[in-house]
file start_9.txt (compact mmCIF, C-alpha atoms and all ligand atoms)
# COMPACT_ATOMS: atom_id res chain seq x y z
CA MET A 1189 29.79 6.95 -2.03
CA TYR A 1190 26.35 5.71 -1.09
CA GLU A 1191 25.61 5.08 -4.77
CA GLN A 1192 23.18 2.27 -4.13
CA GLY A 1193 21.15 4.18 -1.54
CA LEU A 1194 20.96 7.29 -3.70
CA LYS A 1195 19.87 5.27 -6.71
CA GLU A 1196 17.13 3.79 -4.55
CA LEU A 1197 16.11 7.27 -3.42
CA GLU A 1198 15.68 8.23 -7.05
CA ILE A 1199 13.58 5.13 -7.74
CA ILE A 1200 11.16 5.62 -4.84
CA SER A 1201 10.95 9.37 -5.53
CA LYS A 1202 10.05 8.90 -9.18
CA ALA A 1203 7.61 6.09 -8.41
CA ALA A 1204 5.56 8.55 -6.36
CA GLY A 1205 6.59 11.81 -8.02
CA ASN A 1206 5.67 10.90 -11.58
CA ARG A 1207 2.04 10.65 -10.61
CA ILE A 1208 0.03 13.80 -10.03
CA ASP A 1209 -2.64 11.78 -8.24
CA TYR A 1210 0.05 11.01 -5.61
CA VAL A 1211 1.82 14.38 -5.33
CA GLN A 1212 0.96 17.79 -6.67
CA GLY A 1213 3.48 20.55 -7.34
CA GLY A 1214 6.31 20.51 -4.83
CA GLY A 1215 4.40 18.38 -2.32
CA GLY A 1216 5.50 15.14 -0.74
CA ASN A 1217 8.98 13.93 0.19
CA THR A 1218 11.10 10.80 0.38
CA SER A 1219 14.19 9.63 2.20
CA VAL A 1220 16.69 6.81 2.48
CA LYS A 1221 18.89 6.08 5.48
CA LEU A 1222 22.38 5.52 4.11
CA ASN A 1223 23.95 4.11 7.30
CA ASN A 1224 23.53 4.40 11.06
CA GLU A 1225 23.82 8.17 10.98
CA LEU A 1226 23.18 9.60 7.56
CA MET A 1227 19.94 10.04 5.68
CA ALA A 1228 19.34 11.47 2.21
CA VAL A 1229 16.06 13.39 2.26
CA LYS A 1230 14.30 15.53 -0.33
CA ALA A 1231 15.38 19.15 -0.29
CA SER A 1232 12.81 21.88 0.17
CA GLY A 1233 11.82 23.48 -3.12
CA PHE A 1234 12.33 20.42 -5.32
CA LYS A 1235 9.73 18.22 -6.87
CA LEU A 1236 9.91 14.52 -6.11
CA ASN A 1237 10.51 13.58 -9.73
CA GLN A 1238 13.47 15.96 -9.90
CA ILE A 1239 15.49 13.84 -7.49
CA THR A 1240 18.52 12.08 -9.01
CA PRO A 1241 21.58 10.57 -7.26
CA THR A 1242 23.23 14.01 -7.51
CA GLU A 1243 20.37 16.46 -7.14
CA GLY A 1244 17.25 17.42 -5.24
CA PHE A 1245 18.17 16.01 -1.84
CA VAL A 1246 20.34 16.80 1.17
CA VAL A 1247 22.18 14.51 3.53
CA VAL A 1248 21.46 14.99 7.23
CA ASN A 1249 22.62 13.30 10.38
CA TYR A 1250 19.27 11.73 11.22
CA LYS A 1251 20.63 10.08 14.34
CA ASN A 1252 21.09 13.50 15.94
CA ILE A 1253 17.64 14.65 14.82
CA LYS A 1254 16.11 11.50 16.25
CA THR A 1255 17.98 11.96 19.50
CA TYR A 1256 16.64 15.51 19.70
CA TYR A 1257 13.04 14.30 19.48
CA GLU A 1258 13.70 11.56 22.03
CA GLY A 1259 15.07 13.97 24.57
CA VAL A 1260 12.91 17.04 24.05
CA ASP A 1261 11.68 18.55 27.32
CA LEU A 1262 8.30 20.15 26.77
CA SER A 1263 8.30 21.78 30.21
CA GLN A 1264 10.98 24.19 28.97
CA ASP A 1265 9.92 27.57 27.68
CA VAL A 1266 11.32 27.19 24.18
CA ASP A 1267 10.07 27.95 20.67
CA PHE A 1268 10.21 24.29 19.66
CA GLU A 1269 9.05 25.03 16.13
CA LYS A 1270 12.08 27.22 15.57
CA GLU A 1271 14.44 25.04 17.54
CA SER A 1272 13.55 21.89 15.61
CA VAL A 1273 14.13 23.64 12.26
CA GLU A 1274 17.51 24.77 13.58
CA VAL A 1275 18.35 21.22 14.64
CA ALA A 1276 17.57 19.92 11.14
CA LYS A 1277 19.62 22.70 9.52
CA LYS A 1278 22.52 22.19 11.89
CA ASN A 1279 22.61 18.51 11.03
CA VAL A 1280 22.96 18.98 7.30
CA VAL A 1281 26.12 17.16 6.27
CA GLU A 1282 28.14 18.67 3.45
CA MET A 1283 28.97 16.16 0.78
CA GLU A 1284 31.47 16.58 -2.00
CA GLY A 1285 29.82 17.55 -5.25
CA LEU A 1286 26.45 18.20 -3.59
CA LYS A 1287 24.88 21.61 -3.23
CA VAL A 1288 24.00 22.50 0.35
CA LEU A 1289 20.21 22.75 0.36
CA ARG A 1290 17.56 23.08 3.01
CA PRO A 1291 16.07 19.77 4.12
CA SER A 1292 12.34 19.23 3.73
CA VAL A 1293 10.35 20.69 6.65
CA GLU A 1294 9.21 17.14 7.24
CA ALA A 1295 12.72 15.71 7.75
CA GLY A 1296 11.79 15.25 11.42
CA PHE A 1297 9.38 12.39 10.93
CA HIS A 1298 11.60 10.81 8.29
CA SER A 1299 14.32 10.53 10.94
CA ILE A 1300 12.23 8.37 13.25
CA MET A 1301 11.02 5.84 10.66
CA LYS A 1302 12.37 2.78 8.86
CA LYS A 1303 15.09 2.87 6.21
CA TYR A 1304 12.90 4.06 3.30
CA VAL A 1305 10.15 6.65 3.66
CA ILE A 1306 7.64 7.81 1.05
CA HIS A 1307 5.37 10.66 2.09
CA THR A 1308 2.74 11.82 -0.41
CA HIS A 1309 -0.57 13.66 -0.68
CA PRO A 1310 -2.47 11.05 -2.70
CA VAL A 1311 -5.99 12.03 -3.69
CA TYR A 1312 -7.25 8.54 -2.79
CA ALA A 1313 -5.85 8.48 0.76
CA ASN A 1314 -6.87 12.11 1.15
CA ILE A 1315 -10.51 11.34 0.44
CA LEU A 1316 -10.33 9.49 3.77
CA CYS A 1317 -7.90 11.84 5.50
CA CYS A 1318 -10.22 14.78 4.77
CA SER A 1319 -13.48 13.17 5.80
CA LYS A 1320 -15.14 12.82 9.18
CA GLU A 1321 -15.55 9.07 8.74
CA GLY A 1322 -11.93 8.63 7.63
CA ALA A 1323 -10.58 6.88 10.74
CA THR A 1324 -13.47 4.41 10.77
CA VAL A 1325 -13.17 3.54 7.09
CA VAL A 1326 -9.39 3.19 7.40
CA GLU A 1327 -9.92 0.76 10.26
CA LYS A 1328 -12.34 -1.22 8.12
CA ILE A 1329 -9.93 -1.43 5.18
CA PHE A 1330 -6.61 -1.76 7.03
CA GLY A 1331 -7.56 -3.21 10.42
CA GLY A 1332 -6.83 -6.87 9.75
CA ARG A 1333 -3.70 -6.58 7.61
CA GLU A 1334 -0.26 -8.02 8.37
CA TYR A 1335 1.20 -4.53 8.65
CA ALA A 1336 0.28 -2.04 11.35
CA TYR A 1337 -0.95 1.46 10.55
CA LEU A 1338 -1.46 4.72 12.42
CA TRP A 1339 -4.20 7.33 12.14
CA ILE A 1340 -2.95 10.74 13.27
CA PRO A 1341 -5.68 13.32 13.99
CA TYR A 1342 -4.80 16.75 12.59
CA ILE A 1343 -1.95 18.47 14.34
CA ASN A 1344 0.22 21.39 13.21
CA PRO A 1345 2.94 20.18 10.84
CA GLY A 1346 6.60 20.43 11.80
CA PHE A 1347 7.67 19.86 15.39
CA CYS A 1348 4.26 18.87 16.83
CA LEU A 1349 3.51 16.40 14.07
CA THR A 1350 6.85 14.63 14.38
CA LEU A 1351 6.51 14.37 18.14
CA LYS A 1352 2.97 13.02 17.83
CA ILE A 1353 4.00 10.40 15.26
CA LYS A 1354 6.89 9.35 17.48
CA GLU A 1355 4.54 8.90 20.43
CA GLU A 1356 2.10 6.85 18.34
CA ILE A 1357 4.88 4.66 16.90
CA ASP A 1358 6.02 3.82 20.43
CA LEU A 1359 2.47 2.99 21.51
CA CYS A 1360 1.89 0.86 18.43
CA ILE A 1361 5.03 -1.18 19.08
CA LYS A 1362 3.96 -1.69 22.68
CA ARG A 1363 0.45 -2.66 21.65
CA CYS A 1364 1.15 -5.08 18.81
CA GLY A 1365 4.92 -5.53 18.63
CA LYS A 1366 5.07 -4.06 15.12
CA PHE A 1367 6.55 -0.87 13.76
CA PRO A 1368 3.69 0.81 11.85
CA GLU A 1369 4.49 0.91 8.14
CA VAL A 1370 1.55 3.05 7.08
CA VAL A 1371 0.57 6.41 8.57
CA PHE A 1372 -2.60 8.33 7.68
CA MET A 1373 -2.44 11.98 8.64
CA GLU A 1374 -5.77 13.73 8.88
CA ASN A 1375 -6.09 16.79 6.59
CA HIS A 1376 -2.64 16.09 5.24
CA GLY A 1377 -1.67 12.81 3.57
CA LEU A 1378 0.06 9.46 3.73
CA ILE A 1379 3.41 8.04 4.85
CA VAL A 1380 4.68 4.55 4.14
CA THR A 1381 7.95 3.19 5.45
CA ALA A 1382 9.85 -0.08 4.98
CA ASP A 1383 13.34 -1.52 5.20
CA ASP A 1384 13.26 -2.56 1.57
CA TYR A 1385 12.80 0.04 -1.16
CA GLN A 1386 10.67 -2.11 -3.42
CA ARG A 1387 8.45 -2.97 -0.52
CA ALA A 1388 8.02 0.76 0.20
CA VAL A 1389 6.94 1.45 -3.39
CA GLU A 1390 4.61 -1.54 -3.46
CA LEU A 1391 3.05 -0.75 -0.12
CA HIS A 1392 2.42 2.85 -1.15
CA GLU A 1393 0.71 1.58 -4.28
CA GLU A 1394 -1.24 -1.06 -2.38
CA VAL A 1395 -2.63 1.35 0.21
CA ASN A 1396 -3.97 3.67 -2.48
CA ASN A 1397 -5.30 0.81 -4.58
CA LEU A 1398 -7.14 -0.67 -1.62
CA ILE A 1399 -8.89 2.65 -1.05
CA ARG A 1400 -9.72 2.96 -4.76
CA GLY A 1401 -11.04 -0.58 -4.76
CA ASN A 1402 -13.13 0.00 -1.67
CA PHE A 1403 -14.87 2.99 -3.28
CA LYS A 1404 -14.73 1.72 -6.87
CA LEU A 1405 -12.66 4.71 -8.00
CA GLN A 1406 -11.27 2.82 -10.95
CA GLU A 1407 -11.44 5.35 -13.78
CA ALA A 1408 -8.12 6.86 -14.86
CA TYR A 1409 -7.07 10.05 -13.10
CA PRO A 1410 -7.72 13.19 -15.20
CA VAL A 1411 -4.93 14.47 -17.42
CA ILE A 1412 -3.73 18.08 -17.15
CA ASN A 1413 -3.78 20.28 -20.20
CA LEU A 1414 -2.55 23.89 -20.19
CA GLU A 1415 -2.85 25.99 -23.32
CA LYS A 1416 -0.12 28.57 -23.82
CA VAL A 1417 -1.33 32.07 -24.61
CA ASP A 1418 2.07 33.65 -24.10
CA ASP A 1419 5.10 32.97 -21.85
CA ASN A 1420 3.25 34.19 -18.79
CA THR A 1421 -0.36 33.42 -19.65
CA PHE A 1422 -1.88 29.96 -19.76
CA ARG A 1423 -5.43 28.74 -20.08
CA SER A 1424 -6.66 25.58 -18.41
CA LYS A 1425 -7.96 23.00 -20.86
CA THR A 1426 -8.08 20.30 -18.21
CA GLU A 1427 -11.48 18.78 -18.87
CA TYR A 1428 -12.20 17.74 -15.30
CA ILE A 1429 -11.53 21.26 -14.02
CA VAL A 1430 -13.21 23.18 -16.83
CA ASN A 1431 -16.32 21.02 -16.53
CA TYR A 1432 -16.38 21.52 -12.79
CA PHE A 1433 -16.44 25.29 -13.03
CA SER A 1434 -18.75 25.55 -16.01
CA GLU A 1435 -21.38 23.65 -14.06
CA LYS A 1436 -21.02 25.57 -10.82
CA ASP A 1437 -21.29 29.26 -10.13
CA ILE A 1438 -18.72 29.37 -7.36
CA SER A 1439 -17.48 32.22 -5.25
CA ARG A 1440 -14.13 32.77 -3.54
CA ASP A 1441 -15.74 31.36 -0.38
CA PHE A 1442 -15.78 27.94 -1.96
CA PHE A 1443 -12.03 27.61 -1.40
CA ASP A 1444 -11.82 29.36 1.96
CA LYS A 1445 -14.64 27.42 3.57
CA ALA A 1446 -13.29 24.04 2.60
CA ALA A 1447 -9.64 24.14 3.62
CA LEU A 1448 -8.63 20.52 3.33
CA TYR A 1449 -4.86 20.52 3.85
CA PRO A 1450 -1.86 22.86 4.13
CA ASP A 1451 -0.73 22.57 0.49
CA GLN A 1452 -4.10 23.83 -0.67
CA LEU A 1453 -3.60 26.98 1.41
CA VAL A 1454 0.00 27.45 0.36
CA TYR A 1455 -0.21 26.77 -3.37
CA LEU A 1456 -3.83 27.37 -4.27
CA ASN A 1457 -5.84 29.67 -1.98
CA SER A 1458 -3.10 32.26 -1.78
CA SER A 1459 -2.81 32.50 -5.58
CA LEU A 1460 -6.33 32.67 -6.93
CA SER A 1461 -9.18 35.05 -7.50
CA VAL A 1462 -12.73 34.41 -8.60
CA ASN A 1463 -13.89 36.95 -11.19
CA GLY A 1464 -10.72 39.02 -10.76
CA SER A 1465 -8.07 39.34 -13.43
CA GLU A 1466 -4.74 40.08 -11.82
CA ASN A 1467 -4.02 37.03 -9.72
CA LYS A 1468 -1.87 34.04 -10.64
CA LEU A 1469 -5.03 32.05 -11.26
CA ASN A 1470 -8.19 33.85 -12.32
CA ILE A 1471 -11.40 31.87 -12.40
CA ASN A 1472 -14.36 33.32 -14.26
CA SER A 1473 -17.36 31.84 -12.50
CA LYS A 1474 -19.73 32.80 -15.32
CA THR A 1475 -17.85 31.32 -18.27
CA GLY A 1476 -15.88 28.72 -16.35
CA GLU A 1477 -12.63 30.00 -17.90
CA LEU A 1478 -9.41 29.58 -15.89
CA LEU A 1479 -6.59 31.91 -16.84
CA TYR A 1480 -3.10 31.74 -15.32
CA LYS A 1481 -0.91 34.81 -15.17
CA THR A 1482 2.44 33.33 -14.24
CA ASN A 1483 5.15 31.14 -15.74
CA TYR A 1484 4.46 27.62 -16.94
CA SER A 1485 6.06 25.92 -13.96
CA GLU A 1486 4.00 27.78 -11.38
CA ALA A 1487 0.82 27.45 -13.44
CA MET A 1488 1.39 23.67 -13.47
CA THR A 1489 1.92 23.58 -9.72
CA ILE A 1490 -1.33 25.44 -9.12
CA GLU A 1491 -3.25 23.42 -11.71
CA GLU A 1492 -2.08 20.11 -10.19
CA THR A 1493 -3.05 21.32 -6.72
CA LEU A 1494 -6.44 22.52 -7.97
CA LEU A 1495 -7.16 19.24 -9.76
CA GLY A 1496 -6.20 17.22 -6.68
CA TYR A 1497 -8.35 19.42 -4.49
CA LEU A 1498 -11.43 19.16 -6.71
CA TYR A 1499 -10.95 15.41 -7.06
CA VAL A 1500 -10.86 15.00 -3.28
CA VAL A 1501 -13.86 17.29 -2.71
CA ASN A 1502 -15.83 15.39 -5.37
CA GLY A 1503 -14.56 12.03 -4.14
CA ILE A 1504 -15.71 12.66 -0.58
CA GLU A 1505 -19.20 13.41 -1.85
CA LYS A 1506 -19.22 10.50 -4.29
CA CYS A 1507 -18.14 8.08 -1.56
CA GLY A 1508 -20.96 9.28 0.71
CA LEU A 1509 -18.59 10.81 3.28
CA ASP A 1510 -18.67 14.13 5.10
CA ILE A 1511 -15.94 16.66 4.54
CA LYS A 1512 -13.62 17.47 7.47
CA VAL A 1513 -12.02 20.90 7.13
CA MET A 1514 -9.15 22.60 8.94
CA SER A 1515 -10.09 24.98 11.74
CA GLU A 1516 -9.46 28.73 11.69
CA ARG A 1517 -6.59 28.32 14.15
CA GLU A 1518 -4.98 25.57 12.14
CA ILE A 1519 -5.21 27.71 9.01
CA GLU A 1520 -3.69 30.65 10.86
CA PHE A 1521 -0.72 28.53 11.91
CA ILE A 1522 0.03 27.59 8.30
CA ARG A 1523 -0.30 31.22 7.14
CA ASN A 1524 2.27 32.33 9.68
CA TRP A 1525 4.60 29.39 9.34
CA GLU A 1526 8.04 30.49 8.25
CA SER A 1527 8.84 27.11 6.70
CA GLU A 1528 5.82 27.33 4.41
CA ALA A 1529 6.68 30.88 3.40
CA TYR A 1530 10.10 29.57 2.44
CA ARG A 1531 8.63 26.65 0.53
CA LYS A 1532 6.26 28.94 -1.31
CA SER A 1533 9.03 31.33 -2.26
CA LEU A 1534 10.64 28.47 -4.20
CA VAL A 1535 7.59 27.59 -6.27
CA LYS A 1536 8.60 29.82 -9.14
CA ASP A 1537 11.81 27.87 -9.55
CA LEU A 1538 10.22 24.47 -9.73
CA THR A 1539 10.87 23.18 -13.20
CA LYS A 1540 9.75 19.94 -14.70
ZN ZN B 1 3.16 16.60 3.69
call {"tool": "encode", "arguments": {"input": "start_9.txt", "output": "structure tokens"}}
result
Amino acid sequence: MYEQGLKELEIISKAAGNRIDYVQGGGGNTSVKLNNELMAVKASGFKLNQITPTEGFVVVNYKNIKTYYEGVDLSQDVDFEKESVEVAKKNVVEMEGLKVLRPSVEAGFHSIMKKYVIHTHPVYANILCCSKEGATVVEKIFGGREYAYLWIPYINPGFCLTLKIKEEIDLCIKRCGKFPEVVFMENHGLIVTADDYQRAVELHEEVNNLIRGNFKLQEAYPVINLEKVDDNTFRSKTEYIVNYFSEKDISRDFFDKAALYPDQLVYLNSSLSVNGSENKLNINSKTGELLYKTNYSEAMTIEETLLGYLYVVNGIEKCGLDIKVMSEREIEFIRNWESEAYRKSLVKDLTK
């Protein structure tokens, strides 16, 4: 059942998930609406490129999730964050031969979009999403195109983000008669949506290429290289990263002061020490050596996140933009967010 749709889910997931400049570690998610009620969406704790027609996704009744967001009454004294997660969980549909998994925490916004959705954290889009001039530059690049786009100022992920996107979609349709196919989320990432899967893949590619073209970011994205010391010790040989740290005498503050997006907090900041030795990632600021003390899979997740982060920080400077960081309150929300704690607890199991 639904063979075609699930095959397409695999195609769009691999198109984005095989590129570490588009998603890092377990970040990003995709979905396909299989009919008027059912949607296959990435499961929490899987990497995009692990999705196949039989694995890495869950089927939910998106119609019910959508209806929930349409009818939500904000005047009620309810923990909407919790309630919306419950709604998504409750609407998981058991399918024969499929493990029951937890849907991505972002299943909410997938439910309210077109048939195919690709959500990523591309370093190119994030140069704009994490800079103060981002909205203006996006308008300059994407203002006159045949497709409509949205710029969503930073808002807590989960319930609030979905509701905000829904509101902006409705306004966009009213304003220009078009369903927005591209969504830029400040301090977060990119969503593209289309009713044709090839169009979704192409549009995702096009958006990132237009940004690269605009800033002449044409050189190939750095390649990751981890040297195995033993099963639980790895040394970074990623040139881009090693060079970065051998030239700069950084302190732990470097990461805390420039919090760009939630995944940086979840996968990177919580796992590293500068000039310590017992964390998952230990950076020696004097020698520039980066030593991982964890399994290969988690070391890769952290290394990909670190590379993406440094590329964005560098890119913002190179493009002459000013960095826009998350506020203390926004950071606090992520730290205390149950969904993120759950996502993080799965990192160890992510295998390539
Ligand atoms: Zn995201």
call {"tool": "atom_distance", "arguments": {"input": "start_9.txt", "atom1": "atom CA of Val1247 of chain A", "atom2": "atom CA of Gly1216 of chain A"}}
result
17.2 Å
call {"tool": "closest_residue", "arguments": {"input": "start_9.txt", "among": "A:Ser1292, A:Ser1299, A:Thr1324, A:Gln1238", "to": "ligand ZN 1 (chain B)", "atoms": "all atoms listed in the file"}}
result
A:Ser1292
call {"tool": "atom_distance", "arguments": {"input": "start_9.txt", "atom1": "atom CA of Lys1254 of chain A", "atom2": "atom CA of Lys1230 of chain A"}}
result
17.2 Å
call {"tool": "residues_around", "arguments": {"input": "start_9.txt", "residues": "segment 1279-1286 of chain A", "least_positions_apart": "3", "cutoff": "9 Å", "atoms": "all atoms listed in the file", "output": "PyMOL selection string"}}
result
chain A and resi 1226+1242-1243+1245-1250+1252-1253+1274-1276+1289-1291
call {"tool": "atom_distance", "arguments": {"input": "start_9.txt", "atom1": "atom CA of Asn1483 of chain A", "atom2": "atom CA of Glu1415 of chain A"}}
result
12.2 Å
call {"tool": "residues_near_ligand", "arguments": {"input": "start_9.txt", "ligand": "ligand ZN 1 (chain B)", "cutoff": "7 Å", "atoms": "only C-alpha atoms and all ligand atoms", "output": "list of chain:residue names"}}
result
A:Gly1215, A:Gly1216, A:His1307, A:Thr1308, A:His1309, A:His1376, A:Gly1377
call {"tool": "residues_around", "arguments": {"input": "start_9.txt", "residues": "Thr1218 of chain A", "least_positions_apart": "5", "cutoff": "12 Å", "atoms": "all atoms listed in the file", "output": "VMD selection string"}}
result
chain A and resid 1194 1196 to 1205 1211 1227 to 1232 1234 to 1239 1244 to 1246 1291 to 1299 1301 to 1308 1378 to 1382 1385 1388 to 1389 1392
call {"tool": "write_last_selection", "arguments": {"input": "start_9.txt", "atoms": "C-alpha atoms", "output": "PDB file, keeping the file's coordinate frame"}}
result
ATOM      1  CA  LEU A1194      20.960   7.290  -3.700  1.00  0.00           C
ATOM      2  CA  GLU A1196      17.130   3.790  -4.550  1.00  0.00           C
ATOM      3  CA  LEU A1197      16.110   7.270  -3.420  1.00  0.00           C
ATOM      4  CA  GLU A1198      15.680   8.230  -7.050  1.00  0.00           C
ATOM      5  CA  ILE A1199      13.580   5.130  -7.740  1.00  0.00           C
ATOM      6  CA  ILE A1200      11.160   5.620  -4.840  1.00  0.00           C
ATOM      7  CA  SER A1201      10.950   9.370  -5.530  1.00  0.00           C
ATOM      8  CA  LYS A1202      10.050   8.900  -9.180  1.00  0.00           C
ATOM      9  CA  ALA A1203       7.610   6.090  -8.410  1.00  0.00           C
ATOM     10  CA  ALA A1204       5.560   8.550  -6.360  1.00  0.00           C
ATOM     11  CA  GLY A1205       6.590  11.810  -8.020  1.00  0.00           C
ATOM     12  CA  VAL A1211       1.820  14.380  -5.330  1.00  0.00           C
ATOM     13  CA  MET A1227      19.940  10.040   5.680  1.00  0.00           C
ATOM     14  CA  ALA A1228      19.340  11.470   2.210  1.00  0.00           C
ATOM     15  CA  VAL A1229      16.060  13.390   2.260  1.00  0.00           C
ATOM     16  CA  LYS A1230      14.300  15.530  -0.330  1.00  0.00           C
ATOM     17  CA  ALA A1231      15.380  19.150  -0.290  1.00  0.00           C
ATOM     18  CA  SER A1232      12.810  21.880   0.170  1.00  0.00           C
ATOM     19  CA  PHE A1234      12.330  20.420  -5.320  1.00  0.00           C
ATOM     20  CA  LYS A1235       9.730  18.220  -6.870  1.00  0.00           C
ATOM     21  CA  LEU A1236       9.910  14.520  -6.110  1.00  0.00           C
ATOM     22  CA  ASN A1237      10.510  13.580  -9.730  1.00  0.00           C
ATOM     23  CA  GLN A1238      13.470  15.960  -9.900  1.00  0.00           C
ATOM     24  CA  ILE A1239      15.490  13.840  -7.490  1.00  0.00           C
ATOM     25  CA  GLY A1244      17.250  17.420  -5.240  1.00  0.00           C
ATOM     26  CA  PHE A1245      18.170  16.010  -1.840  1.00  0.00           C
ATOM     27  CA  VAL A1246      20.340  16.800   1.170  1.00  0.00           C
ATOM     28  CA  PRO A1291      16.070  19.770   4.120  1.00  0.00           C
ATOM     29  CA  SER A1292      12.340  19.230   3.730  1.00  0.00           C
ATOM     30  CA  VAL A1293      10.350  20.690   6.650  1.00  0.00           C
ATOM     31  CA  GLU A1294       9.210  17.140   7.240  1.00  0.00           C
ATOM     32  CA  ALA A1295      12.720  15.710   7.750  1.00  0.00           C
ATOM     33  CA  GLY A1296      11.790  15.250  11.420  1.00  0.00           C
ATOM     34  CA  PHE A1297       9.380  12.390  10.930  1.00  0.00           C
ATOM     35  CA  HIS A1298      11.600  10.810   8.290  1.00  0.00           C
ATOM     36  CA  SER A1299      14.320  10.530  10.940  1.00  0.00           C
ATOM     37  CA  MET A1301      11.020   5.840  10.660  1.00  0.00           C
ATOM     38  CA  LYS A1302      12.370   2.780   8.860  1.00  0.00           C
ATOM     39  CA  LYS A1303      15.090   2.870   6.210  1.00  0.00           C
ATOM     40  CA  TYR A1304      12.900   4.060   3.300  1.00  0.00           C
ATOM     41  CA  VAL A1305      10.150   6.650   3.660  1.00  0.00           C
ATOM     42  CA  ILE A1306       7.640   7.810   1.050  1.00  0.00           C
ATOM     43  CA  HIS A1307       5.370  10.660   2.090  1.00  0.00           C
ATOM     44  CA  THR A1308       2.740  11.820  -0.410  1.00  0.00           C
ATOM     45  CA  LEU A1378       0.060   9.460   3.730  1.00  0.00           C
ATOM     46  CA  ILE A1379       3.410   8.040   4.850  1.00  0.00           C
ATOM     47  CA  VAL A1380       4.680   4.550   4.140  1.00  0.00           C
ATOM     48  CA  THR A1381       7.950   3.190   5.450  1.00  0.00           C
ATOM     49  CA  ALA A1382       9.850  -0.080   4.980  1.00  0.00           C
ATOM     50  CA  TYR A1385      12.800   0.040  -1.160  1.00  0.00           C
ATOM     51  CA  ALA A1388       8.020   0.760   0.200  1.00  0.00           C
ATOM     52  CA  VAL A1389       6.940   1.450  -3.390  1.00  0.00           C
ATOM     53  CA  HIS A1392       2.420   2.850  -1.150  1.00  0.00           C
TER      54      HIS A1392
END
call {"tool": "closest_residue", "arguments": {"input": "start_9.txt", "among": "A:Ile1329, A:Ile1511, A:Val1395, A:Val1370", "to": "Tyr1210 of chain A", "atoms": "only C-alpha atoms"}}
result
A:Val1395
call {"tool": "closest_atom_pairs", "arguments": {"input": "start_9.txt", "of": "segment 1371-1400 of chain A", "to": "segment 1337-1353 of chain A", "cutoff": "7 Å", "atoms": "only C-alpha atoms", "output": "tab-separated table"}}
result
residue	atom	partner	partner_atom	distance
A:Val1371	CA	A:Leu1338	CA	4.7
A:Phe1372	CA	A:Trp1339	CA	4.8
A:Met1373	CA	A:Ile1340	CA	4.8
A:Glu1374	CA	A:Tyr1342	CA	4.9
A:Asn1375	CA	A:Tyr1342	CA	6.1
call {"tool": "closest_residue", "arguments": {"input": "start_9.txt", "among": "A:Gly1214, A:Leu1494, A:Glu1269, A:Asn1223", "to": "Trp1525 of chain A", "atoms": "only C-alpha atoms"}}
result
A:Glu1269
call {"tool": "closest_residue", "arguments": {"input": "start_9.txt", "among": "A:Arg1363, A:Arg1207, A:Lys1404, A:Lys1445", "to": "Glu1492 of chain A", "atoms": "all atoms listed in the file"}}
result
A:Arg1207
call {"tool": "residues_around", "arguments": {"input": "start_9.txt", "residues": "Ile1504 of chain A", "least_positions_apart": "5", "cutoff": "7 Å", "atoms": "only C-alpha atoms", "output": "PyMOL selection string"}}
result
chain A and resi 1315+1319+1509-1511
call {"tool": "closest_residue", "arguments": {"input": "start_9.txt", "among": "A:Val1325, A:Ala1447, A:Cys1360, A:Val1430", "to": "Val1500 of chain A", "atoms": "all atoms listed in the file"}}
result
A:Ala1447
call {"tool": "closest_residue", "arguments": {"input": "start_9.txt", "among": "A:Ile1399, A:Leu1453, A:Leu1460, A:Ala1446", "to": "Val1311 of chain A", "atoms": "all atoms listed in the file"}}
result
A:Ile1399
call {"tool": "residues_around", "arguments": {"input": "start_9.txt", "residues": "segment 1469-1479 of chain A", "least_positions_apart": "6", "cutoff": "6 Å", "atoms": "only C-alpha atoms", "output": "list of chain:residue names"}}
result
A:Phe1422, A:Arg1423, A:Ser1424, A:Phe1433, A:Ser1434, A:Asp1437, A:Ile1438, A:Leu1460, A:Ser1461, A:Val1462, A:Asn1463
call {"tool": "residues_near_point", "arguments": {"input": "start_9.txt", "point": "(6.4, -5.4, 12.0)", "cutoff": "8 Å", "atoms": "all atoms listed in the file", "output": "list in words"}}
result
Tyr1335, Ala1336, Gly1365, Lys1366, Phe1367, Pro1368 and Glu1369 of chain A
call {"tool": "decode", "arguments": {"input": "start_9.txt", "residues": "segment 1369-1390 of chain A", "atoms": "C-alpha atoms", "output": "CSV table (one decimal), in the first residue's frame"}}
result
chain,number,residue,atom,x,y,z
A,1369,GLU,CA,6.1,27.2,-1.4
A,1370,VAL,CA,9.2,28.5,0.4
A,1371,VAL,CA,9.5,29.3,4.0
A,1372,PHE,CA,12.5,30.9,5.7
A,1373,MET,CA,12.6,30.5,9.5
A,1374,GLU,CA,14.8,32.9,11.3
A,1375,ASN,CA,17.5,31.2,13.5
A,1376,HIS,CA,16.2,27.8,12.2
A,1377,GLY,CA,16.2,26.9,8.6
A,1378,LEU,CA,14.2,26.3,5.4
A,1379,ILE,CA,11.0,24.6,4.3
A,1380,VAL,CA,9.9,24.0,0.7
A,1381,THR,CA,6.6,22.4,-0.3
A,1382,ALA,CA,5.1,21.4,-3.6
A,1383,ASP,CA,2.5,19.1,-5.0
A,1384,ASP,CA,5.0,17.3,-7.2
A,1385,TYR,CA,8.0,15.6,-5.6
A,1386,GLN,CA,10.5,16.5,-8.3
A,1387,ARG,CA,9.4,20.1,-8.1
A,1388,ALA,CA,10.0,20.0,-4.3
A,1389,VAL,CA,13.6,18.6,-4.8
A,1390,GLU,CA,14.3,21.1,-7.5
